[in-house]
Amino acid sequence: MKKILYGFFLLFIISHRNAYADPTEQTNINEAHAKLSGMEIDYWLYTPETVSGDMPLIVYLHGGTSKGNDLDLLIKREGFPQYVIQGKLNIPAYVIMPQAPEEIRSWNEIGNQIVELAAITVDQYPIDSGKISLTGHSMGGIGTWEIGFAHKDFFSRIAPLSGTISKRLQSAISELTIPVWSIIGSDPSDQNAFSSNTSIFPQIEKNNPNARLTIMEGAKHWEVVKAYLQYDIINWLIGSDTQ
């Protein structure tokens with residue numbers, strides 16, 4: 001697959017500080033840094049244990065409590081990075097997990113930079129540019145909807161967890177034709193995501209045969225992240241599922 005080329009100046013550095021030093025945990029996760037369109041982003045980079053040909057790429061967007069300039073917050077507070085570190089997920093793909101700056105209110109504010117980060121990762125590693133997927137929880141779930149829609153020609157699939165669909169996006173949601181798997185909880189703590197998804201999904205499904213909505217009965221907002229363990233989201237994101 002032809003690589004994606006972007007004509008922008010960038011600084012791309014991979015350090016060798018692994019996420020935690022426990023030998024029982026994954027060691028193929030390294031801290032990385034990139035300068036993109038005038039801003040700097042730190043992120044964790046996961047490299048698959050076995051690389052064969054051009055691999056998929058998964059971009060994970062964290063929730064609001066993990067913003068800042070300390071990458072370890074993602075490991076301490078975010079379910080998905082914890083599952084990756086602990087080896088609970090089999091991921092035959094590269095994964096980037098960027099950290100949003102403290103001052104931003106939503107991922108959508110730096111959506112272009114997230115796409116740039118994914119693009120340079122494609123250029124740096126053996127990655128299939130046709131298999132770049134996006135997922136996230138809470139603020140990251142909202143960002144997955146927003147950025148996935150704004151760059152629907154870039155991402156192959158999106159999986160927002162506890163992601164509220166904004167009214168602005170709802171008005172144009174029929175244009176989202178890439179595969180989408182939205183997962184929400186039925187507990188009142190996930191009410192915003194629950195209400196927006198259940199009200200708009202019938203419209204999404206009319207135009208998108210590859211859209212699915214999963215409701216985790218009784219799941220609280222923070223518990224929805226466990227869907228990464230309970231469902232085969234990873235294989236779905238990389239296009240290896242059977243449906």
# chains A, B, ... in the order shown; residues from 1 in each chain; ligands from 1
>>> residues_around(residues="A:Gln203", least_positions_apart="6", cutoff="10 Å", atoms="only C-alpha atoms", output="VMD selection string")
chain A and resid 170 173 to 174
>>> write_last_selection(atoms="C-alpha atoms", output="PDB file, in the first residue's frame")
ATOM      1  CA  GLN A 170     -25.920  14.532  14.383  1.00  0.00           C
ATOM      2  CA  ILE A 173     -24.267  11.914  10.532  1.00  0.00           C
ATOM      3  CA  SER A 174     -25.725  10.356   7.382  1.00  0.00           C
TER       4      SER A 174
END
>>> residues_around(residues="A:Pro126", least_positions_apart="6", cutoff="7 Å", atoms="only C-alpha atoms", output="JSON, numbers by chain")
{"A": [53, 54, 55]}
>>> write_last_selection(atoms="N, CA and C atoms", output="compact mmCIF listing (two decimals), in the first residue's frame")
# COMPACT_ATOMS: atom_id res chain seq x y z
N GLY A 53 4.81 -7.88 6.80
CA GLY A 53 4.26 -7.01 5.78
C GLY A 53 3.80 -5.69 6.38
N ASP A 54 2.91 -5.00 5.70
CA ASP A 54 2.37 -3.75 6.20
C ASP A 54 1.27 -4.04 7.22
N MET A 55 1.44 -3.48 8.41
CA MET A 55 0.55 -3.77 9.53
C MET A 55 -0.52 -2.68 9.68
>>> closest_residue(among="A:Val51, A:Ile127, A:Ala227, A:Val95", to="A:Ser182", atoms="only C-alpha atoms")
A:Ala227
>>> closest_atom_pairs(of="stretch 108-175 of chain A", to="stretch 40-50 of chain A", cutoff="10 Å", atoms="only C-alpha atoms", output="JSON lines")
{"residue": "A:Gln113", "atom": "CA", "partner": "A:Ile41", "partner_atom": "CA", "distance": 8.7}
{"residue": "A:Ile114", "atom": "CA", "partner": "A:Ile41", "partner_atom": "CA", "distance": 9.0}
{"residue": "A:Leu117", "atom": "CA", "partner": "A:Ile41", "partner_atom": "CA", "distance": 8.6}
{"residue": "A:Thr121", "atom": "CA", "partner": "A:Leu45", "partner_atom": "CA", "distance": 9.4}
{"residue": "A:Tyr125", "atom": "CA", "partner": "A:Thr47", "partner_atom": "CA", "distance": 9.5}
>>> select_by_dssp(residues="stretch 29-213 of chain A", states="alpha helix (DSSP H)", output="VMD selection string")
chain A and resid 72 to 77 79 to 85 111 to 124 139 to 150 167 to 170 191 to 207
>>> closest_residue(among="A:His151, A:Lys226, A:Arg168, A:Arg157", to="A:Asn210", atoms="only C-alpha atoms")
A:Arg157
>>> residues_around(residues="stretch 131-137 of chain A", least_positions_apart="5", cutoff="6 Å", atoms="only C-alpha atoms", output="PyMOL selection string")
chain A and resi 56-63+144+155-162+237
>>> select_by_dssp(residues="stretch 153-236 of chain A", states="strand (DSSP E or B)", output="number ranges by chain")
A: 157-161, 180-185, 211-216
>>> residues_around(residues="stretch 186-196 of chain A", least_positions_apart="5", cutoff="8 Å", atoms="only C-alpha atoms", output="list in words")
Ser162, Gly163, Thr164, Ile165, Ser166, Ile215, Met216, Glu217, Gly218, Ala219, Lys220 and His221 of chain A
>>> write_last_selection(atoms="N, CA and C atoms", output="mmCIF file, in the first residue's frame")
data_model
loop_
_atom_site.group_PDB
_atom_site.id
_atom_site.type_symbol
_atom_site.label_atom_id
_atom_site.label_comp_id
_atom_site.auth_asym_id
_atom_site.auth_seq_id
_atom_site.Cartn_x
_atom_site.Cartn_y
_atom_site.Cartn_z
ATOM 1 N N SER A 162 -18.413 5.278 25.130
ATOM 2 C CA SER A 162 -18.999 6.355 25.940
ATOM 3 C C SER A 162 -18.811 7.699 25.252
ATOM 4 N N GLY A 163 -19.006 7.709 23.952
ATOM 5 C CA GLY A 163 -18.818 8.924 23.171
ATOM 6 C C GLY A 163 -20.131 9.608 22.853
ATOM 7 N N THR A 164 -20.356 10.761 23.439
ATOM 8 C CA THR A 164 -21.551 11.551 23.131
ATOM 9 C C THR A 164 -21.448 12.106 21.715
ATOM 10 N N ILE A 165 -22.540 12.021 20.970
ATOM 11 C CA ILE A 165 -22.577 12.556 19.608
ATOM 12 C C ILE A 165 -23.160 13.964 19.667
ATOM 13 N N SER A 166 -22.379 14.964 19.305
ATOM 14 C CA SER A 166 -22.828 16.352 19.394
ATOM 15 C C SER A 166 -23.977 16.612 18.428
ATOM 16 N N ILE A 215 -24.872 -1.836 23.746
ATOM 17 C CA ILE A 215 -25.217 -1.261 25.047
ATOM 18 C C ILE A 215 -24.799 -2.244 26.137
ATOM 19 N N MET A 216 -23.906 -1.824 27.001
ATOM 20 C CA MET A 216 -23.475 -2.653 28.121
ATOM 21 C C MET A 216 -24.448 -2.424 29.279
ATOM 22 N N GLU A 217 -25.333 -3.381 29.489
ATOM 23 C CA GLU A 217 -26.384 -3.228 30.484
ATOM 24 C C GLU A 217 -25.809 -3.051 31.885
ATOM 25 N N GLY A 218 -26.218 -1.962 32.530
ATOM 26 C CA GLY A 218 -25.792 -1.676 33.896
ATOM 27 C C GLY A 218 -24.413 -1.075 34.020
ATOM 28 N N ALA A 219 -23.694 -0.947 32.928
ATOM 29 C CA ALA A 219 -22.316 -0.448 32.988
ATOM 30 C C ALA A 219 -22.283 1.044 33.256
ATOM 31 N N LYS A 220 -21.474 1.444 34.233
ATOM 32 C CA LYS A 220 -21.238 2.856 34.520
ATOM 33 C C LYS A 220 -20.287 3.435 33.479
ATOM 34 N N HIS A 221 -20.237 4.765 33.449
ATOM 35 C CA HIS A 221 -19.404 5.456 32.452
ATOM 36 C C HIS A 221 -17.979 4.926 32.452
#
>>> residues_around(residues="A:Ala172", least_positions_apart="6", cutoff="12 Å", atoms="only C-alpha atoms", output="ChimeraX atom specification")
/A:145-146,149-150,165-166,200,203-204,207
>>> residues_around(residues="stretch 66-68 of chain A", least_positions_apart="4", cutoff="10 Å", atoms="only C-alpha atoms", output="PyMOL selection string")
chain A and resi 42+61-62+72-78+98-105+139
>>> atom_distance(atom1="atom CA of A:Ser37", atom2="atom CA of A:Ser138")
25.7 Å
>>> residues_around(residues="A:Asp153", least_positions_apart="4", cutoff="10 Å", atoms="only C-alpha atoms", output="count of residues only")
6
>>> decode(residues="stretch 222-238 of chain A", atoms="N, CA and C atoms", output="compact mmCIF listing (two decimals), in the first residue's frame")
# COMPACT_ATOMS: atom_id res chain seq x y z
N TRP A 222 -17.37 4.84 33.62
CA TRP A 222 -15.97 4.43 33.69
C TRP A 222 -15.79 2.94 33.42
N GLU A 223 -16.87 2.17 33.52
CA GLU A 223 -16.78 0.73 33.29
C GLU A 223 -16.83 0.35 31.81
N VAL A 224 -17.31 1.25 30.99
CA VAL A 224 -17.46 0.94 29.56
C VAL A 224 -16.12 0.62 28.92
N VAL A 225 -15.03 1.16 29.48
CA VAL A 225 -13.70 0.88 28.91
C VAL A 225 -13.38 -0.61 28.97
N LYS A 226 -14.05 -1.36 29.84
CA LYS A 226 -13.82 -2.80 29.93
C LYS A 226 -14.28 -3.53 28.66
N ALA A 227 -14.99 -2.81 27.80
CA ALA A 227 -15.43 -3.41 26.54
C ALA A 227 -14.24 -3.90 25.71
N TYR A 228 -13.08 -3.27 25.88
CA TYR A 228 -11.90 -3.72 25.14
C TYR A 228 -11.52 -5.16 25.51
N LEU A 229 -11.89 -5.57 26.73
CA LEU A 229 -11.62 -6.93 27.17
C LEU A 229 -12.79 -7.87 26.87
N GLN A 230 -14.00 -7.33 26.91
CA GLN A 230 -15.19 -8.17 26.79
C GLN A 230 -15.60 -8.45 25.35
N TYR A 231 -15.23 -7.56 24.43
CA TYR A 231 -15.60 -7.72 23.03
C TYR A 231 -14.34 -7.74 22.17
N ASP A 232 -14.48 -8.27 20.98
CA ASP A 232 -13.33 -8.40 20.09
C ASP A 232 -13.13 -7.11 19.28
N ILE A 233 -12.95 -6.02 19.99
CA ILE A 233 -12.83 -4.71 19.35
C ILE A 233 -11.54 -4.60 18.54
N ILE A 234 -10.46 -5.18 19.06
CA ILE A 234 -9.17 -5.05 18.38
C ILE A 234 -9.23 -5.67 16.98
N ASN A 235 -9.69 -6.90 16.89
CA ASN A 235 -9.77 -7.53 15.57
C ASN A 235 -10.74 -6.80 14.66
N TRP A 236 -11.78 -6.23 15.24
CA TRP A 236 -12.71 -5.44 14.43
C TRP A 236 -12.02 -4.19 13.90
N LEU A 237 -11.26 -3.52 14.74
CA LEU A 237 -10.59 -2.29 14.32
C LEU A 237 -9.60 -2.53 13.18
N ILE A 238 -8.94 -3.67 13.21
CA ILE A 238 -7.93 -3.94 12.19
C ILE A 238 -8.54 -4.69 10.99
